[in-house]
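Asker: Here it is, the structure in full.
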2 protein chains.
Amino acid sequence: MATIREVSRLAGVSNATVSRVLNGTVPVSPEVTGRVLAAVEQLGYRPNAFARGLVTNRSGGLGVCVNDVASPYFGLLIRGVEAEAEAAGMHLLVSSGHARADQERAGLEFLADRRSDALIAHIEALADEALVEYLSRPTPLILVGRKLAGHEERCVYLDNEVGGAIATEHLLQHGHTRIAHITGPERFPDSRARRRGFECAMRSAGLEPDPRLVIEADFEEEGGYRAMRELLERDPGISAVFAGNDQMAAGAFAALREAGRNIPDDVSIVGYDDVLLARYLHPTLTTIRQPLEEMGRAAARAALALVANERTEVRNRFEPQLVSRQSVSRLR
Amino acid sequence: MATIREVSRLAGVSNATVSRVLNGTVPVSPEVTGRVLAAVEQLGYRPNAFARGLVTNRSGGLGVCVNDVASPYFGLLIRGVEAEAEAAGMHLLVSSGHARADQERAGLEFLADRRSDALIAHIEALADEALVEYLSRPTPLILVGRKLAGHEERCVYLDNEVGGAIATEHLLQHGHTRIAHITGPERFPDSRARRRGFECAMRSAGLEPDPRLVIEADFEEEGGYRAMRELLERDPGISAVFAGNDQMAAGAFAALREAGRNIPDDVSIVGYDDVLLARYLHPTLTTIRQPLEEMGRAAARAALALVANERTEVRNRFEPQLVSRQSVSRLR
DNA sequence: AGGTTTTCAGATAACGTTTTCACGGAAGGG
DNA sequence: CCCTTCCGTGAAAACGTTATCTGAAAACCT
């Protein structure tokens, strides 16, 4: 690979001048600029990112730490981040935390060590205190999908309690009262918030949520399937289900069909997230939309602002929104 | 951030010794090792990746260029790459090409400039000649989902023509003869190969494929929906459809349902890819499985072998496989 | 015991940029 | 026309590692 020195020799100038032409930091005469550009072209010169980073202390990289790159949920999030990063001429470094504290920790340190200019992380396992400590480290960190009290400006989040309540109210409004709830893993703050929303909405309607109708699953299709079977056994009279995410709702679909129940005539279902598959299910799934792509963009903008040390105003708080499709009907 | 010099001063040794302890390149006495490690710990020292890269010319990064990080297809691929990279202590740089030649080019150069140790790319728009040229560049490149004649060892691919044929034969075996085909964009080699497989299988069965029953769409749900409507108009007597990917099959589902056709009793459908949603559709989708995650792993292993200059034997060629579910039935 | 090898650790030279400082010449002001 | 300001350029000093080259002491032979 050609170096900046070779370019400078060929152009008959100093390496400093080549640097100036390429970065546009200081005006250089048109004549010299032309010679430099020609030499760059001729040698196919590409600046060495390591050397540049060593002196500027910038990598142009945005670190992203999520659970699983292949899940539709994170796919959308990353797409948003990527769009914003690309527009800013930055690239993405990704790392998976797999929702395990040690791996999340390793992922964050890994990305920071590689000198990401900033980090965006969807952390599920690490405790609040640990995260607060990370917030004070030199690499700017934006948390998405989580709200840290006292650090809201560093978080891009959505009120899952409100989302859980909206989902539940939608079912209540359709006349349902025996409503079951399939939650995500207890250890995820999101799961707990959605559950609180569910319980709160039930109580507001004068109904005491039956603990036997709340069952924990794993945010996966298979878990939703098993949970639904268990629920039908516990109470065959269930007329509606609020699933903690769309994948579990899809599993519940399968279990209900297997039990000969029609959706939505016998049992209504509301999901959560509005990932792609919600529109592919049959009947299409009524769900709570999280504007994931937009949240990814917002997180990226916030991160980039921190890097540039700008006081850009970004949107931190997003609202869950009901997307009404075909999986809910009025109780007969 | 603490530097290696500060660590060396605190430990009362030279910076070279600290480097040796940390990298284990040369034996160092236990006593000195202990002092160094203690100093590292005390200062919270983290080696500077830029400085290290500058001298080793390694970044520990694996560049990945795909169309769209959020699509289920690429999600699986990336998951495979990521698993293998993580095991090797490398991290992922990702960039989107959006299936446009200029962006694919920009993505590859971007990643190479950032000194990825190797690149893995799913290139759809760039021509073969351009790719061959990239193969000769200093950064090792592995192509996935594409076979470059004469460079098979640098490609991880699947025979889409065989896949297209398998799908079609499956429908033929169920007695169907009026079979339509919804292809992906003509400009994608994969689309063309699947189509060739379709036509080949038809001819082998003594049927001349009707060009009016082959229609081009965009690999998206919406495109599949429109294509299916158009097909029904052209020939209401179609009894089976081979869709170029699962998303378009899902779109076709919607169009068929809208037209009052039952799947699979009135119309049978076969998809392609076996992404997550194939199992969520109702009825579940019979499709051609591409072992994407495994292909991602193979590509990563091949790339890592190139970096290490090893002659590791990796699997280049994968076989498409029929996954029989509920969307195909015997012609009545 | 004397010489030779081995072992461990220090000094220092890269690596390829950006940036600071200095300097000569041109332009501008009185 | 001289003095000052400004502009464009070059020389050289970082930036923080790893790796090479020495050197001193310790261990090993005969």
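Ligands are numbered from 1 in the order shown, residues from 1 within each chain, and chains are lettered A, B, ... in the order they appear in the structure tokens.
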Show which residues sit within 10 Å of Leu232 of chain B, as a list of chain:residue names. Count only C-alpha atoms (C1' of nucleotides), and ignore same-chain residues fewer than 2 positions away.
Answerer: B:Ala180, B:Leu213, B:Ala227, B:Met228, B:Arg229, B:Glu230, B:Arg234, B:Asp235, B:Pro236, B:Gly237, B:Ile238, B:Ala255, B:Leu256, B:Ala259
Asker: Which residues of chain D come within 12 Å of segment 41-50 of chain A, and for each one, what is the closest pair of atoms and their distance in Å to one decimal, counting only C-alpha atoms (C1' of nucleotides), sorted by chain and residue number, as a tab-separated table?
Answerer:
residue	atom	partner	partner_atom	distance
D:DC15	C1'	A:Phe50	CA	10.6
D:DG16	C1'	A:Phe50	CA	11.2
D:DT17	C1'	A:Phe50	CA	11.0
Asker: I'd like the contact shell of Gly80 of chain A - 10 Å cut-off, only C-alpha atoms (C1' of nucleotides), skipping same-chain residues fewer than 2 positions apart - returned as a list in words.
Answerer: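 Using only C-alpha atoms (C1' of nucleotides), the neighbours found are Phe74, Gly75, Leu76, Leu77, Ile78, Glu82, Ala83, Glu84, Ala85, Pro291, Leu292, Glu293, Glu294, Met295, Gly296, Arg297, Ala298, Ala299 and Ala300 of chain A; Val69 and Ala70 of chain B.
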Asker: Please produce, as CSV, a per-residue contact table for chain D versus chain A (criterion: any atom at most 12 Å away, only C-alpha atoms (C1' of nucleotides) considered), showing the nearest atom pair and its distance in Å to one decimal, sorted by chain then residue number.
Answerer:
residue,atom,partner,partner_atom,distance
D:DC7,C1',A:Pro27,CA,8.7
D:DG8,C1',A:Val28,CA,6.4
D:DT9,C1',A:Thr17,CA,7.1
D:DG10,C1',A:Ser14,CA,6.1
D:DA11,C1',A:Ser14,CA,8.8
D:DA12,C1',A:Ala16,CA,10.5
D:DA13,C1',A:Val55,CA,11.9
D:DA14,C1',A:Val55,CA,8.1
D:DC15,C1',A:Val55,CA,4.8
D:DG16,C1',A:Leu54,CA,7.5
D:DT17,C1',A:Leu54,CA,9.8
Asker: For the selection you just gave me, I'd like the residues written to a file as a short mmCIF file (atom, residue, chain, number, x, y, z; two decimals), in the first residue's frame, keeping C-alpha atoms (C1' of nucleotides).
Answerer:
data_model
loop_
_atom_site.label_atom_id
_atom_site.label_comp_id
_atom_site.auth_asym_id
_atom_site.auth_seq_id
_atom_site.Cartn_x
_atom_site.Cartn_y
_atom_site.Cartn_z
"C1'" DC D 7 -1.15 32.98 3.12
"C1'" DG D 8 0.81 28.75 1.54
"C1'" DT D 9 4.21 25.41 2.45
"C1'" DG D 10 7.89 22.49 4.70
"C1'" DA D 11 10.20 20.37 8.79
"C1'" DA D 12 9.51 17.86 12.54
"C1'" DA D 13 7.20 16.40 16.69
"C1'" DA D 14 3.81 13.84 18.46
"C1'" DC D 15 0.31 9.66 18.86
"C1'" DG D 16 1.02 4.47 21.61
"C1'" DT D 17 2.11 0.32 20.23
#
Asker: Write out as a list in words which residues come within 12 Å of DT30 of chain D when counting only C-alpha atoms (C1' of nucleotides), dropping same-chain ones fewer than 4 positions away.
Answerer: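 Skipping anything fewer than 4 positions along the chain leaves DA1, DG2, DG3 and DT4 of chain C.
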Asker: Please dump the current selection as a PDB file, in the first residue's frame; keep C-alpha atoms (C1' of nucleotides).
Answerer:
ATOM      1  C1'  DA C   1      36.903 -22.338  37.161  1.00  0.00           C
ATOM      2  C1'  DG C   2      36.559 -20.438  32.554  1.00  0.00           C
ATOM      3  C1'  DG C   3      34.153 -20.058  28.614  1.00  0.00           C
ATOM      4  C1'  DT C   4      29.734 -20.470  26.238  1.00  0.00           C
TER       5       DT C   4
END
Asker: Just to confirm, what's the straight-line distance from atom CA of Gly223 of chain A to atom CA of Gly251 of chain A in Å (one decimal)?
Answerer: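 Between atom CA of Gly223 of chain A and atom CA of Gly251 of chain A the gap works out to 7.1 Å.
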Asker: Please identify every residue of chain C that has at least one atom no more than 12 Å from any atom of chain A, counting only C-alpha atoms (C1' of nucleotides), and report them as a ChimeraX atom specification.
Answerer: /C:15-20
Asker: Near His174 of chain A, within 7 Å and counting only C-alpha atoms (C1' of nucleotides), which residues show up once chain neighbours fewer than 6 positions away are dropped, as a PDB file with C-alpha atoms, in the first residue's frame?
Answerer:
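Dumped to result_32.pdb:
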ATOM      1  CA  SER A 329     -62.935  -9.171  17.890  1.00  0.00           C
ATOM      2  CA  ARG A 330     -65.763  -8.265  20.208  1.00  0.00           C
ATOM      3  CA  LEU A 331     -66.639 -10.861  22.806  1.00  0.00           C
TER       4      LEU A 331
END
Asker: For the structure I just gave you, how does DSSP split segment 9-79 of chain B - specifically, which residues are alpha helix (DSSP H)? Reply as a PyMOL selection string.
Answerer: chain B and resi 9-11+15-23+30-43+49-56+72-79
Asker: Which residues, written as a list in words, have at least one atom at most 7 Å from segment 98-109 of chain B, with only C-alpha atoms (C1' of nucleotides) counted and residues fewer than 6 positions away on the same chain left out?
Answerer: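 Counting only C-alpha atoms (C1' of nucleotides), the residues come to Cys65, Asn67, Asp68, Ile123, Glu124, Ala125 and Leu126 of chain B.
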Asker: Export, as a PDB file, in the first residue's frame, the selected residues with N, CA and C atoms.
Answerer:
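Below is the file selection.pdb, written as the result:
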ATOM      1  N   CYS B  65     -20.518  -7.067   4.225  1.00  0.00           N
ATOM      2  CA  CYS B  65     -21.322  -6.187   3.376  1.00  0.00           C
ATOM      3  C   CYS B  65     -22.525  -6.947   2.851  1.00  0.00           C
ATOM      4  N   ASN B  67     -27.035  -6.553   1.795  1.00  0.00           N
ATOM      5  CA  ASN B  67     -28.045  -5.630   1.277  1.00  0.00           C
ATOM      6  C   ASN B  67     -28.705  -4.805   2.353  1.00  0.00           C
ATOM      7  N   ASP B  68     -29.160  -5.509   3.335  1.00  0.00           N
ATOM      8  CA  ASP B  68     -30.030  -4.879   4.314  1.00  0.00           C
ATOM      9  C   ASP B  68     -29.921  -5.674   5.604  1.00  0.00           C
ATOM     10  N   ILE B 123     -22.871  -9.843  -2.624  1.00  0.00           N
ATOM     11  CA  ILE B 123     -22.943  -8.811  -3.646  1.00  0.00           C
ATOM     12  C   ILE B 123     -23.961  -9.198  -4.699  1.00  0.00           C
ATOM     13  N   GLU B 124     -24.843  -8.267  -5.022  1.00  0.00           N
ATOM     14  CA  GLU B 124     -25.874  -8.606  -5.993  1.00  0.00           C
ATOM     15  C   GLU B 124     -25.804  -7.769  -7.250  1.00  0.00           C
ATOM     16  N   ALA B 125     -25.341  -6.553  -7.117  1.00  0.00           N
ATOM     17  CA  ALA B 125     -25.392  -5.666  -8.275  1.00  0.00           C
ATOM     18  C   ALA B 125     -24.090  -5.668  -9.077  1.00  0.00           C
ATOM     19  N   LEU B 126     -22.991  -5.748  -8.384  1.00  0.00           N
ATOM     20  CA  LEU B 126     -21.705  -5.659  -9.068  1.00  0.00           C
ATOM     21  C   LEU B 126     -21.499  -6.829 -10.040  1.00  0.00           C
TER      22      LEU B 126
END
Asker: Considering only strand (DSSP E) as DSSP defines it on the backbone, what residues of segment 10-198 of chain A qualify? List them as a list in words.
Answerer: Gly61, Leu62, Gly63, Val64, Cys65, Val66, His91, Leu92, Leu93, Val94, Ser95, Ser96, Ala118, Leu119, Ile120, Ala121, Leu141, Ile142, Leu143, Val144, Cys155, Val156, Tyr157, Leu158, Ile179, Ala180, His181, Ile182 and Thr183 of chain A
Asker: Counting only C-alpha atoms (C1' of nucleotides), what is within 9 Å of Ile182 of chain A, bar same-chain residues fewer than 4 positions away, as a PyMOL selection string?
Answerer: chain A and resi 195+213-217+224+227-228+231+241-245+248-249
Asker: When you draw a straight line from atom CA of Asp218 of chain A to atom CA of Arg257 of chain A, how long is it in Å?
Answerer: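 We find that atom CA of Asp218 of chain A and atom CA of Arg257 of chain A lie 20.5 Å from each other.
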Asker: Do you have the atom CA of Ser116 of chain B-atom CA of Glu86 of chain B distance handy?
Answerer: 14.6 Å
